[in-house]
>>> print(open('structure_6.pdb').read())   # PDB, C-alpha atoms, pLDDT in the B column
ATOM      1  CA  PHE O  20     -17.219 -10.068  16.499  1.00 58.00           C
ATOM      2  CA  SER O  21     -17.859 -10.153  20.210  1.00 66.00           C
ATOM      3  CA  HIS O  22     -15.857  -9.106  23.259  1.00 69.00           C
ATOM      4  CA  LEU O  23     -16.295  -7.871  26.820  1.00 71.00           C
ATOM      5  CA  VAL O  24     -16.667  -4.132  27.366  1.00 75.00           C
ATOM      6  CA  SER O  25     -16.833  -2.015  30.491  1.00 74.00           C
ATOM      7  CA  TRP O  26     -20.189  -0.377  31.124  1.00 70.00           C
ATOM      8  CA  GLU O  27     -21.945   1.690  33.741  1.00 73.00           C
ATOM      9  CA  SER O  28     -25.546   2.233  34.667  1.00 72.00           C
ATOM     10  CA  ALA O  29     -27.132   5.316  33.113  1.00 72.00           C
ATOM     11  CA  ARG O  30     -29.922   7.476  34.413  1.00 66.00           C
ATOM     12  CA  SER O  31     -32.650   6.242  32.156  1.00 57.00           C
ATOM     13  CA  GLN O  32     -34.484   8.985  30.310  1.00 56.00           C
ATOM     14  CA  LYS O  33     -37.654   8.357  28.353  1.00 60.00           C
ATOM     15  CA  GLY O  34     -36.624   5.780  25.789  1.00 62.00           C
ATOM     16  CA  GLY O  35     -32.971   6.127  26.803  1.00 64.00           C
ATOM     17  CA  ALA O  36     -30.492   3.303  27.207  1.00 67.00           C
ATOM     18  CA  PRO O  37     -30.169   1.838  30.715  1.00 77.00           C
ATOM     19  CA  TYR O  38     -26.348   1.753  30.421  1.00 76.00           C
ATOM     20  CA  ASN O  39     -23.383   3.649  28.965  1.00 77.00           C
ATOM     21  CA  ILE O  40     -20.354   2.175  27.244  1.00 80.00           C
ATOM     22  CA  LEU O  41     -17.625   4.801  27.449  1.00 85.00           C
ATOM     23  CA  PRO O  42     -13.923   4.815  26.511  1.00 91.00           C
ATOM     24  CA  ARG O  43     -11.571   4.020  29.381  1.00 92.00           C
ATOM     25  CA  LYS O  44      -7.892   4.782  29.809  1.00 95.00           C
ATOM     26  CA  GLY O  45      -5.684   2.145  28.175  1.00 94.00           C
ATOM     27  CA  GLU O  46      -8.278   0.893  25.677  1.00 95.00           C
ATOM     28  CA  THR O  47      -8.083   1.197  21.901  1.00 96.00           C
ATOM     29  CA  TRP O  48     -11.103   2.414  19.938  1.00 95.00           C
ATOM     30  CA  ALA O  49     -12.212   2.971  16.356  1.00 94.00           C
ATOM     31  CA  LEU O  50     -13.462   6.464  15.518  1.00 93.00           C
ATOM     32  CA  PHE O  51     -15.654   7.240  12.533  1.00 91.00           C
ATOM     33  CA  LYS O  52     -13.475   9.170  10.069  1.00 90.00           C
ATOM     34  CA  ASN O  53     -15.006  12.400   8.690  1.00 85.00           C
ATOM     35  CA  TRP O  54     -17.953  11.864  11.021  1.00 82.00           C
ATOM     36  CA  ASN O  55     -21.017  14.114  10.768  1.00 79.00           C
ATOM     37  CA  ILE O  56     -23.850  14.503  13.305  1.00 78.00           C
ATOM     38  CA  ASN O  57     -26.381  14.212  10.447  1.00 81.00           C
ATOM     39  CA  TRP O  58     -25.326  10.671   9.498  1.00 78.00           C
ATOM     40  CA  ARG O  59     -27.997   7.996   9.497  1.00 75.00           C
ATOM     41  CA  THR O  60     -27.365   4.287   9.985  1.00 75.00           C
ATOM     42  CA  ASP O  61     -26.935   2.571   6.634  1.00 75.00           C
ATOM     43  CA  GLU O  62     -25.907  -1.086   6.304  1.00 77.00           C
ATOM     44  CA  LYS O  63     -24.605  -0.499   2.787  1.00 79.00           C
ATOM     45  CA  ARG O  64     -22.383   2.456   3.658  1.00 77.00           C
ATOM     46  CA  LYS O  65     -18.679   1.666   3.911  1.00 81.00           C
ATOM     47  CA  TYR O  66     -17.518   3.624   6.920  1.00 84.00           C
ATOM     48  CA  GLU O  67     -13.904   4.690   7.288  1.00 88.00           C
ATOM     49  CA  TYR O  68     -12.212   4.607  10.666  1.00 92.00           C
ATOM     50  CA  GLU O  69      -9.313   6.093  12.575  1.00 94.00           C
ATOM     51  CA  PHE O  70      -7.870   4.223  15.533  1.00 95.00           C
ATOM     52  CA  VAL O  71      -6.917   5.741  18.868  1.00 96.00           C
ATOM     53  CA  GLU O  72      -5.418   4.845  22.219  1.00 96.00           C
ATOM     54  CA  ILE O  73      -7.478   6.232  25.099  1.00 95.00           C
ATOM     55  CA  LEU O  74      -5.222   8.321  27.384  1.00 94.00           C
ATOM     56  CA  SER O  75      -7.822   9.294  30.008  1.00 94.00           C
ATOM     57  CA  ASP O  76     -11.149   7.990  31.228  1.00 91.00           C
ATOM     58  CA  TYR O  77     -14.157   9.688  29.635  1.00 87.00           C
ATOM     59  CA  ASP O  78     -15.339  12.680  31.653  1.00 85.00           C
ATOM     60  CA  GLU O  79     -18.749  14.242  31.046  1.00 82.00           C
ATOM     61  CA  ASN O  80     -17.319  17.773  31.403  1.00 85.00           C
ATOM     62  CA  ASN O  81     -13.973  17.401  29.640  1.00 86.00           C
ATOM     63  CA  GLY O  82     -14.409  14.572  27.148  1.00 88.00           C
ATOM     64  CA  VAL O  83     -11.496  12.170  26.682  1.00 92.00           C
ATOM     65  CA  ARG O  84      -7.837  12.505  25.662  1.00 93.00           C
ATOM     66  CA  VAL O  85      -6.736  10.254  22.811  1.00 93.00           C
ATOM     67  CA  SER O  86      -3.615   9.489  20.798  1.00 94.00           C
ATOM     68  CA  TYR O  87      -4.115   8.667  17.120  1.00 94.00           C
ATOM     69  CA  LEU O  88      -2.601   5.401  15.894  1.00 96.00           C
ATOM     70  CA  GLU O  89      -1.132   4.512  12.501  1.00 94.00           C
ATOM     71  CA  LYS O  90      -0.602   1.124  10.911  1.00 94.00           C
ATOM     72  CA  VAL O  91       2.981  -0.181  11.018  1.00 94.00           C
ATOM     73  CA  LYS O  92       4.233  -0.975   7.519  1.00 93.00           C
ATOM     74  CA  GLY O  93       4.709  -4.700   6.918  1.00 92.00           C
ATOM     75  CA  PHE O  94       2.125  -5.813   9.483  1.00 93.00           C
ATOM     76  CA  VAL O  95      -1.590  -6.492   9.189  1.00 91.00           C
ATOM     77  CA  SER O  96      -2.824  -5.367  12.583  1.00 94.00           C
ATOM     78  CA  ILE O  97       0.102  -3.662  14.377  1.00 96.00           C
ATOM     79  CA  PHE O  98      -0.476   0.036  15.084  1.00 96.00           C
ATOM     80  CA  ARG O  99       1.670   2.666  16.838  1.00 95.00           C
ATOM     81  CA  PRO O 100       1.070   6.251  17.974  1.00 93.00           C
ATOM     82  CA  LYS O 101       1.345   8.751  15.113  1.00 91.00           C
ATOM     83  CA  LYS O 102       4.305  11.098  15.283  1.00 82.00           C
ATOM     84  CA  GLU O 103       2.228  14.142  14.347  1.00 77.00           C
ATOM     85  CA  GLU O 104      -1.331  14.871  15.496  1.00 68.00           C
ATOM     86  CA  ASN O 105      -0.477  12.626  18.415  1.00 75.00           C
ATOM     87  CA  GLU O 106      -2.712  13.838  21.253  1.00 77.00           C
ATOM     88  CA  THR O 107      -6.074  15.528  21.174  1.00 83.00           C
ATOM     89  CA  VAL O 108      -9.255  15.829  23.205  1.00 83.00           C
ATOM     90  CA  ILE O 109     -12.560  14.568  21.889  1.00 81.00           C
ATOM     91  CA  GLY O 110     -15.190  16.688  23.559  1.00 77.00           C
ATOM     92  CA  ASN O 111     -18.257  15.747  25.477  1.00 74.00           C
ATOM     93  CA  GLY O 112     -20.736  17.188  22.976  1.00 75.00           C
ATOM     94  CA  SER O 113     -21.734  15.554  19.723  1.00 78.00           C
ATOM     95  CA  ASP O 114     -18.083  14.563  19.090  1.00 82.00           C
ATOM     96  CA  LYS O 115     -18.534  11.674  21.514  1.00 81.00           C
ATOM     97  CA  TYR O 116     -20.639   9.960  18.837  1.00 83.00           C
ATOM     98  CA  ARG O 117     -17.467   9.549  16.735  1.00 88.00           C
ATOM     99  CA  PHE O 118     -16.608   6.536  18.902  1.00 89.00           C
ATOM    100  CA  ALA O 119     -17.636   3.542  16.776  1.00 89.00           C
ATOM    101  CA  HIS O 120     -16.487   0.573  18.843  1.00 90.00           C
ATOM    102  CA  MET O 121     -13.839  -0.614  21.261  1.00 93.00           C
ATOM    103  CA  VAL O 122     -11.094  -2.610  19.550  1.00 95.00           C
ATOM    104  CA  PRO O 123      -9.531  -5.352  21.681  1.00 95.00           C
ATOM    105  CA  SER O 124      -5.753  -5.025  21.616  1.00 96.00           C
ATOM    106  CA  VAL O 125      -2.497  -6.183  23.159  1.00 95.00           C
ATOM    107  CA  ARG O 126       0.384  -3.819  23.946  1.00 96.00           C
ATOM    108  CA  MET O 127       3.592  -5.028  22.292  1.00 95.00           C
ATOM    109  CA  SER O 128       7.008  -5.226  23.986  1.00 93.00           C
ATOM    110  CA  GLY O 129       8.936  -5.015  20.704  1.00 90.00           C
ATOM    111  CA  GLU O 130      10.427  -8.468  21.220  1.00 91.00           C
ATOM    112  CA  GLU O 131       7.610 -10.393  19.495  1.00 91.00           C
ATOM    113  CA  LYS O 132       9.115 -10.091  16.017  1.00 90.00           C
ATOM    114  CA  LYS O 133      11.653  -7.986  14.156  1.00 92.00           C
ATOM    115  CA  GLY O 134      10.179  -4.604  13.258  1.00 91.00           C
ATOM    116  CA  VAL O 135       7.501  -4.523  15.966  1.00 94.00           C
ATOM    117  CA  PRO O 136       7.836  -1.127  17.702  1.00 94.00           C
ATOM    118  CA  VAL O 137       7.982  -1.063  21.511  1.00 94.00           C
ATOM    119  CA  GLY O 138       4.659   0.197  22.880  1.00 93.00           C
ATOM    120  CA  SER O 139       2.731  -0.480  19.685  1.00 96.00           C
ATOM    121  CA  TYR O 140      -0.580  -2.348  19.721  1.00 96.00           C
ATOM    122  CA  GLU O 141      -1.767  -5.470  17.975  1.00 96.00           C
ATOM    123  CA  LEU O 142      -5.422  -4.760  17.247  1.00 96.00           C
ATOM    124  CA  ASP O 143      -7.880  -7.654  17.026  1.00 94.00           C
ATOM    125  CA  PRO O 144      -8.301  -8.300  13.273  1.00 92.00           C
ATOM    126  CA  ALA O 145     -11.967  -9.261  13.814  1.00 91.00           C
ATOM    127  CA  ALA O 146     -12.655  -5.686  14.982  1.00 90.00           C
ATOM    128  CA  LEU O 147     -10.968  -4.057  11.973  1.00 90.00           C
ATOM    129  CA  PRO O 148     -12.632  -3.082   8.693  1.00 86.00           C
ATOM    130  CA  GLN O 149     -11.865  -5.094   5.565  1.00 84.00           C
ATOM    131  CA  SER O 150     -10.088  -2.079   4.013  1.00 83.00           C
ATOM    132  CA  ILE O 151      -7.211  -2.523   6.502  1.00 83.00           C
ATOM    133  CA  PHE O 152      -6.312  -5.826   4.851  1.00 79.00           C
ATOM    134  CA  GLU O 153      -6.333  -4.546   1.259  1.00 73.00           C
TER
END
>>> encode(input="structure_6.pdb", output="structure tokens")
Amino acid sequence: FSHLVSWESARSQKGGAPYNILPRKGETWALFKNWNINWRTDEKRKYEYEFVEILSDYDENNGVRVSYLEKVKGFVSIFRPKKEENETVIGNGSDKYRFAHMVPSVRMSGEEKKGVPVGSYELDPAALPQSIFE
């Protein structure tokens, strides 16, 4: 899948990337579930994800505030904030590598269809793992 993302220029270190893609307030992102700093990229590995709403812009000193989302029963790609474990901060250390990818989304008014919660999100199905549809 492909979509526009916000980016900023980075101070290039030896071999470093010339830009940063960081979470911004109002976006929805996938986080690697049970993430570990020792992971290595593996095409065959089936990663699990958690989805979050970004509540604050990423800050190098304080990290970013997020709200975990849960799938709404009866819908394929509608998610709402979880009732418990609702807000947390993902720090600026190695935790920032939990961010897998930005997930394009649309905020719902609740009037789209019966059962759609006000303030929920419809996440782009192309950005979701196959396991969501099973």
>>> residues_around(input="structure_6.pdb", residues="O:Lys133", least_positions_apart="4", cutoff="12 Å", atoms="all atoms listed in the file", output="VMD selection string")
chain O and resid 93 to 94 127 to 129 137
>>> resolve_selection(input="structure_6.pdb", expression="the PyMOL selection byres ((chain O and resi 48) around 10)", output="mmCIF file with C-alpha atoms, in the frame of the given file")
data_model
loop_
_atom_site.group_PDB
_atom_site.id
_atom_site.type_symbol
_atom_site.label_atom_id
_atom_site.label_comp_id
_atom_site.auth_asym_id
_atom_site.auth_seq_id
_atom_site.Cartn_x
_atom_site.Cartn_y
_atom_site.Cartn_z
ATOM 1 C CA PRO O 42 -13.923 4.815 26.511
ATOM 2 C CA ARG O 43 -11.571 4.020 29.381
ATOM 3 C CA GLY O 45 -5.684 2.145 28.175
ATOM 4 C CA GLU O 46 -8.278 0.893 25.677
ATOM 5 C CA THR O 47 -8.083 1.197 21.901
ATOM 6 C CA ALA O 49 -12.212 2.971 16.356
ATOM 7 C CA LEU O 50 -13.462 6.464 15.518
ATOM 8 C CA PHE O 51 -15.654 7.240 12.533
ATOM 9 C CA TYR O 68 -12.212 4.607 10.666
ATOM 10 C CA GLU O 69 -9.313 6.093 12.575
ATOM 11 C CA PHE O 70 -7.870 4.223 15.533
ATOM 12 C CA VAL O 71 -6.917 5.741 18.868
ATOM 13 C CA GLU O 72 -5.418 4.845 22.219
ATOM 14 C CA ILE O 73 -7.478 6.232 25.099
ATOM 15 C CA VAL O 85 -6.736 10.254 22.811
ATOM 16 C CA TYR O 87 -4.115 8.667 17.120
ATOM 17 C CA LEU O 88 -2.601 5.401 15.894
ATOM 18 C CA PHE O 118 -16.608 6.536 18.902
ATOM 19 C CA ALA O 119 -17.636 3.542 16.776
ATOM 20 C CA HIS O 120 -16.487 0.573 18.843
ATOM 21 C CA MET O 121 -13.839 -0.614 21.261
ATOM 22 C CA VAL O 122 -11.094 -2.610 19.550
ATOM 23 C CA PRO O 123 -9.531 -5.352 21.681
ATOM 24 C CA SER O 124 -5.753 -5.025 21.616
ATOM 25 C CA LEU O 142 -5.422 -4.760 17.247
ATOM 26 C CA ALA O 146 -12.655 -5.686 14.982
#
>>> atom_distance(input="structure_6.pdb", atom1="atom CA of O:Glu153", atom2="atom CA of O:Lys63")
18.8 Å
>>> closest_residue(input="structure_6.pdb", among="O:Lys90, O:Asn80, O:Glu67, O:Pro100", to="O:Asn53", atoms="only C-alpha atoms")
O:Glu67
>>> residues_around(input="structure_6.pdb", residues="O:Lys115", least_positions_apart="2", cutoff="10 Å", atoms="all atoms listed in the file", output="JSON, numbers by chain")
{"O": [41, 42, 50, 77, 79, 82, 83, 109, 110, 111, 112, 113, 117, 118, 119]}
>>> closest_residue(input="structure_6.pdb", among="O:Asp114, O:Ile97, O:Ser86, O:Phe152", to="O:Tyr140", atoms="all atoms listed in the file")
O:Ile97
>>> atom_distance(input="structure_6.pdb", atom1="atom CA of O:Ser96", atom2="atom CA of O:Arg59")
28.7 Å
>>> atom_distance(input="structure_6.pdb", atom1="atom CA of O:Pro148", atom2="atom CA of O:Ile56")
21.4 Å
>>> decode(input="structure_6.pdb", residues="stretch 90-139 of chain O", atoms="N, CA and C atoms", output="PDB file, in the first residue's frame")
ATOM      1  N   LYS O  90     -10.980  -2.980  17.896  1.00  0.00           N
ATOM      2  CA  LYS O  90     -11.886  -3.200  16.767  1.00  0.00           C
ATOM      3  C   LYS O  90     -13.327  -3.218  17.270  1.00  0.00           C
ATOM      4  N   VAL O  91     -14.226  -2.576  16.526  1.00  0.00           N
ATOM      5  CA  VAL O  91     -15.645  -2.560  16.869  1.00  0.00           C
ATOM      6  C   VAL O  91     -16.285  -3.820  16.298  1.00  0.00           C
ATOM      7  N   LYS O  92     -16.939  -4.579  17.161  1.00  0.00           N
ATOM      8  CA  LYS O  92     -17.574  -5.832  16.753  1.00  0.00           C
ATOM      9  C   LYS O  92     -18.588  -5.572  15.637  1.00  0.00           C
ATOM     10  N   GLY O  93     -18.541  -6.429  14.611  1.00  0.00           N
ATOM     11  CA  GLY O  93     -19.476  -6.325  13.497  1.00  0.00           C
ATOM     12  C   GLY O  93     -18.961  -5.515  12.322  1.00  0.00           C
ATOM     13  N   PHE O  94     -17.749  -4.952  12.468  1.00  0.00           N
ATOM     14  CA  PHE O  94     -17.159  -4.155  11.394  1.00  0.00           C
ATOM     15  C   PHE O  94     -15.761  -4.670  11.083  1.00  0.00           C
ATOM     16  N   VAL O  95     -15.348  -4.502   9.842  1.00  0.00           N
ATOM     17  CA  VAL O  95     -14.041  -4.982   9.410  1.00  0.00           C
ATOM     18  C   VAL O  95     -12.921  -4.037   9.819  1.00  0.00           C
ATOM     19  N   SER O  96     -13.131  -2.747   9.630  1.00  0.00           N
ATOM     20  CA  SER O  96     -12.020  -1.814   9.844  1.00  0.00           C
ATOM     21  C   SER O  96     -12.398  -0.584  10.678  1.00  0.00           C
ATOM     22  N   ILE O  97     -13.436  -0.717  11.517  1.00  0.00           N
ATOM     23  CA  ILE O  97     -13.826   0.372  12.422  1.00  0.00           C
ATOM     24  C   ILE O  97     -13.219   0.084  13.796  1.00  0.00           C
ATOM     25  N   PHE O  98     -12.487   1.074  14.314  1.00  0.00           N
ATOM     26  CA  PHE O  98     -11.826   0.956  15.610  1.00  0.00           C
ATOM     27  C   PHE O  98     -12.207   2.145  16.486  1.00  0.00           C
ATOM     28  N   ARG O  99     -12.273   1.911  17.807  1.00  0.00           N
ATOM     29  CA  ARG O  99     -12.578   2.982  18.761  1.00  0.00           C
ATOM     30  C   ARG O  99     -11.574   2.925  19.907  1.00  0.00           C
ATOM     31  N   PRO O 100     -11.455   4.017  20.668  1.00  0.00           N
ATOM     32  CA  PRO O 100     -10.541   3.987  21.818  1.00  0.00           C
ATOM     33  C   PRO O 100     -10.963   2.906  22.813  1.00  0.00           C
ATOM     34  N   LYS O 101      -9.987   2.180  23.350  1.00  0.00           N
ATOM     35  CA  LYS O 101     -10.263   1.175  24.373  1.00  0.00           C
ATOM     36  C   LYS O 101     -10.749   1.873  25.634  1.00  0.00           C
ATOM     37  N   LYS O 102     -11.593   1.177  26.380  1.00  0.00           N
ATOM     38  CA  LYS O 102     -12.087   1.755  27.633  1.00  0.00           C
ATOM     39  C   LYS O 102     -11.014   1.707  28.708  1.00  0.00           C
ATOM     40  N   GLU O 103     -10.290   0.607  28.785  1.00  0.00           N
ATOM     41  CA  GLU O 103      -9.181   0.500  29.739  1.00  0.00           C
ATOM     42  C   GLU O 103      -7.873   0.632  28.973  1.00  0.00           C
ATOM     43  N   GLU O 104      -6.804   0.931  29.687  1.00  0.00           N
ATOM     44  CA  GLU O 104      -5.483   1.111  29.053  1.00  0.00           C
ATOM     45  C   GLU O 104      -5.582   2.152  27.935  1.00  0.00           C
ATOM     46  N   ASN O 105      -6.354   3.203  28.210  1.00  0.00           N
ATOM     47  CA  ASN O 105      -6.695   4.143  27.148  1.00  0.00           C
ATOM     48  C   ASN O 105      -5.562   5.064  26.728  1.00  0.00           C
ATOM     49  N   GLU O 106      -4.862   5.665  27.679  1.00  0.00           N
ATOM     50  CA  GLU O 106      -3.799   6.614  27.320  1.00  0.00           C
ATOM     51  C   GLU O 106      -2.480   6.190  27.926  1.00  0.00           C
ATOM     52  N   THR O 107      -1.432   6.326  27.153  1.00  0.00           N
ATOM     53  CA  THR O 107      -0.097   6.031  27.656  1.00  0.00           C
ATOM     54  C   THR O 107       0.914   6.855  26.863  1.00  0.00           C
ATOM     55  N   VAL O 108       2.137   6.875  27.366  1.00  0.00           N
ATOM     56  CA  VAL O 108       3.218   7.573  26.671  1.00  0.00           C
ATOM     57  C   VAL O 108       4.196   6.536  26.155  1.00  0.00           C
ATOM     58  N   ILE O 109       4.554   6.647  24.904  1.00  0.00           N
ATOM     59  CA  ILE O 109       5.603   5.799  24.345  1.00  0.00           C
ATOM     60  C   ILE O 109       6.845   6.668  24.304  1.00  0.00           C
ATOM     61  N   GLY O 110       7.853   6.234  25.044  1.00  0.00           N
ATOM     62  CA  GLY O 110       9.036   7.050  25.269  1.00  0.00           C
ATOM     63  C   GLY O 110       9.872   7.323  24.042  1.00  0.00           C
ATOM     64  N   ASN O 111      10.905   8.093  24.273  1.00  0.00           N
ATOM     65  CA  ASN O 111      11.769   8.508  23.178  1.00  0.00           C
ATOM     66  C   ASN O 111      12.972   7.592  22.998  1.00  0.00           C
ATOM     67  N   GLY O 112      13.115   6.592  23.851  1.00  0.00           N
ATOM     68  CA  GLY O 112      14.233   5.659  23.719  1.00  0.00           C
ATOM     69  C   GLY O 112      13.930   4.611  22.666  1.00  0.00           C
ATOM     70  N   SER O 113      14.286   3.386  22.960  1.00  0.00           N
ATOM     71  CA  SER O 113      14.092   2.309  21.985  1.00  0.00           C
ATOM     72  C   SER O 113      12.617   2.018  21.725  1.00  0.00           C
ATOM     73  N   ASP O 114      11.723   2.431  22.640  1.00  0.00           N
ATOM     74  CA  ASP O 114      10.285   2.225  22.437  1.00  0.00           C
ATOM     75  C   ASP O 114       9.775   2.858  21.146  1.00  0.00           C
ATOM     76  N   LYS O 115      10.446   3.912  20.689  1.00  0.00           N
ATOM     77  CA  LYS O 115       9.964   4.582  19.476  1.00  0.00           C
ATOM     78  C   LYS O 115      10.021   3.658  18.262  1.00  0.00           C
ATOM     79  N   TYR O 116      10.805   2.592  18.345  1.00  0.00           N
ATOM     80  CA  TYR O 116      10.890   1.642  17.233  1.00  0.00           C
ATOM     81  C   TYR O 116       9.686   0.705  17.176  1.00  0.00           C
ATOM     82  N   ARG O 117       8.777   0.803  18.157  1.00  0.00           N
ATOM     83  CA  ARG O 117       7.533   0.028  18.117  1.00  0.00           C
ATOM     84  C   ARG O 117       6.616   0.522  17.005  1.00  0.00           C
ATOM     85  N   PHE O 118       6.783   1.775  16.584  1.00  0.00           N
ATOM     86  CA  PHE O 118       5.928   2.324  15.534  1.00  0.00           C
ATOM     87  C   PHE O 118       6.245   1.627  14.212  1.00  0.00           C
ATOM     88  N   ALA O 119       5.271   0.857  13.705  1.00  0.00           N
ATOM     89  CA  ALA O 119       5.467   0.096  12.473  1.00  0.00           C
ATOM     90  C   ALA O 119       5.177   0.961  11.246  1.00  0.00           C
ATOM     91  N   HIS O 120       3.981   1.509  11.190  1.00  0.00           N
ATOM     92  CA  HIS O 120       3.597   2.334  10.043  1.00  0.00           C
ATOM     93  C   HIS O 120       2.359   3.166  10.369  1.00  0.00           C
ATOM     94  N   MET O 121       2.243   4.283   9.672  1.00  0.00           N
ATOM     95  CA  MET O 121       1.062   5.122   9.804  1.00  0.00           C
ATOM     96  C   MET O 121      -0.077   4.430   9.061  1.00  0.00           C
ATOM     97  N   VAL O 122      -1.261   4.468   9.648  1.00  0.00           N
ATOM     98  CA  VAL O 122      -2.437   3.848   9.039  1.00  0.00           C
ATOM     99  C   VAL O 122      -3.416   4.961   8.653  1.00  0.00           C
ATOM    100  N   PRO O 123      -3.617   5.189   7.364  1.00  0.00           N
ATOM    101  CA  PRO O 123      -4.594   6.208   6.969  1.00  0.00           C
ATOM    102  C   PRO O 123      -5.960   5.886   7.581  1.00  0.00           C
ATOM    103  N   SER O 124      -6.658   6.914   8.019  1.00  0.00           N
ATOM    104  CA  SER O 124      -7.951   6.692   8.666  1.00  0.00           C
ATOM    105  C   SER O 124      -8.862   7.893   8.480  1.00  0.00           C
ATOM    106  N   VAL O 125     -10.138   7.656   8.754  1.00  0.00           N
ATOM    107  CA  VAL O 125     -11.156   8.703   8.718  1.00  0.00           C
ATOM    108  C   VAL O 125     -11.900   8.650  10.044  1.00  0.00           C
ATOM    109  N   ARG O 126     -12.060   9.804  10.680  1.00  0.00           N
ATOM    110  CA  ARG O 126     -12.816   9.881  11.937  1.00  0.00           C
ATOM    111  C   ARG O 126     -14.304   9.797  11.603  1.00  0.00           C
ATOM    112  N   MET O 127     -15.031   8.973  12.353  1.00  0.00           N
ATOM    113  CA  MET O 127     -16.440   8.724  12.072  1.00  0.00           C
ATOM    114  C   MET O 127     -17.342   9.620  12.923  1.00  0.00           C
ATOM    115  N   SER O 128     -18.462  10.040  12.352  1.00  0.00           N
ATOM    116  CA  SER O 128     -19.415  10.899  13.066  1.00  0.00           C
ATOM    117  C   SER O 128     -20.445  10.078  13.839  1.00  0.00           C
ATOM    118  N   GLY O 129     -20.560   8.786  13.503  1.00  0.00           N
ATOM    119  CA  GLY O 129     -21.562   7.933  14.123  1.00  0.00           C
ATOM    120  C   GLY O 129     -22.841   7.859  13.310  1.00  0.00           C
ATOM    121  N   GLU O 130     -22.937   8.672  12.280  1.00  0.00           N
ATOM    122  CA  GLU O 130     -24.140   8.690  11.441  1.00  0.00           C
ATOM    123  C   GLU O 130     -23.964   7.890  10.154  1.00  0.00           C
ATOM    124  N   GLU O 131     -22.785   7.319   9.936  1.00  0.00           N
ATOM    125  CA  GLU O 131     -22.506   6.589   8.697  1.00  0.00           C
ATOM    126  C   GLU O 131     -23.351   5.326   8.571  1.00  0.00           C
ATOM    127  N   LYS O 132     -23.531   4.630   9.690  1.00  0.00           N
ATOM    128  CA  LYS O 132     -24.259   3.365   9.691  1.00  0.00           C
ATOM    129  C   LYS O 132     -24.610   3.029  11.133  1.00  0.00           C
ATOM    130  N   LYS O 133     -25.660   2.285  11.323  1.00  0.00           N
ATOM    131  CA  LYS O 133     -26.067   1.877  12.666  1.00  0.00           C
ATOM    132  C   LYS O 133     -24.925   1.094  13.326  1.00  0.00           C
ATOM    133  N   GLY O 134     -24.616   1.449  14.549  1.00  0.00           N
ATOM    134  CA  GLY O 134     -23.584   0.744  15.305  1.00  0.00           C
ATOM    135  C   GLY O 134     -22.201   1.359  15.225  1.00  0.00           C
ATOM    136  N   VAL O 135     -22.028   2.368  14.373  1.00  0.00           N
ATOM    137  CA  VAL O 135     -20.720   3.032  14.270  1.00  0.00           C
ATOM    138  C   VAL O 135     -20.609   4.042  15.411  1.00  0.00           C
ATOM    139  N   PRO O 136     -19.663   3.843  16.340  1.00  0.00           N
ATOM    140  CA  PRO O 136     -19.528   4.769  17.467  1.00  0.00           C
ATOM    141  C   PRO O 136     -19.025   6.151  17.032  1.00  0.00           C
ATOM    142  N   VAL O 137     -19.573   7.186  17.641  1.00  0.00           N
ATOM    143  CA  VAL O 137     -19.109   8.557  17.405  1.00  0.00           C
ATOM    144  C   VAL O 137     -17.639   8.636  17.812  1.00  0.00           C
ATOM    145  N   GLY O 138     -16.815   9.244  16.963  1.00  0.00           N
ATOM    146  CA  GLY O 138     -15.400   9.416  17.289  1.00  0.00           C
ATOM    147  C   GLY O 138     -14.534   8.200  17.023  1.00  0.00           C
ATOM    148  N   SER O 139     -15.133   7.150  16.456  1.00  0.00           N
ATOM    149  CA  SER O 139     -14.325   5.980  16.098  1.00  0.00           C
ATOM    150  C   SER O 139     -13.587   6.289  14.795  1.00  0.00           C
TER     151      SER O 139
END
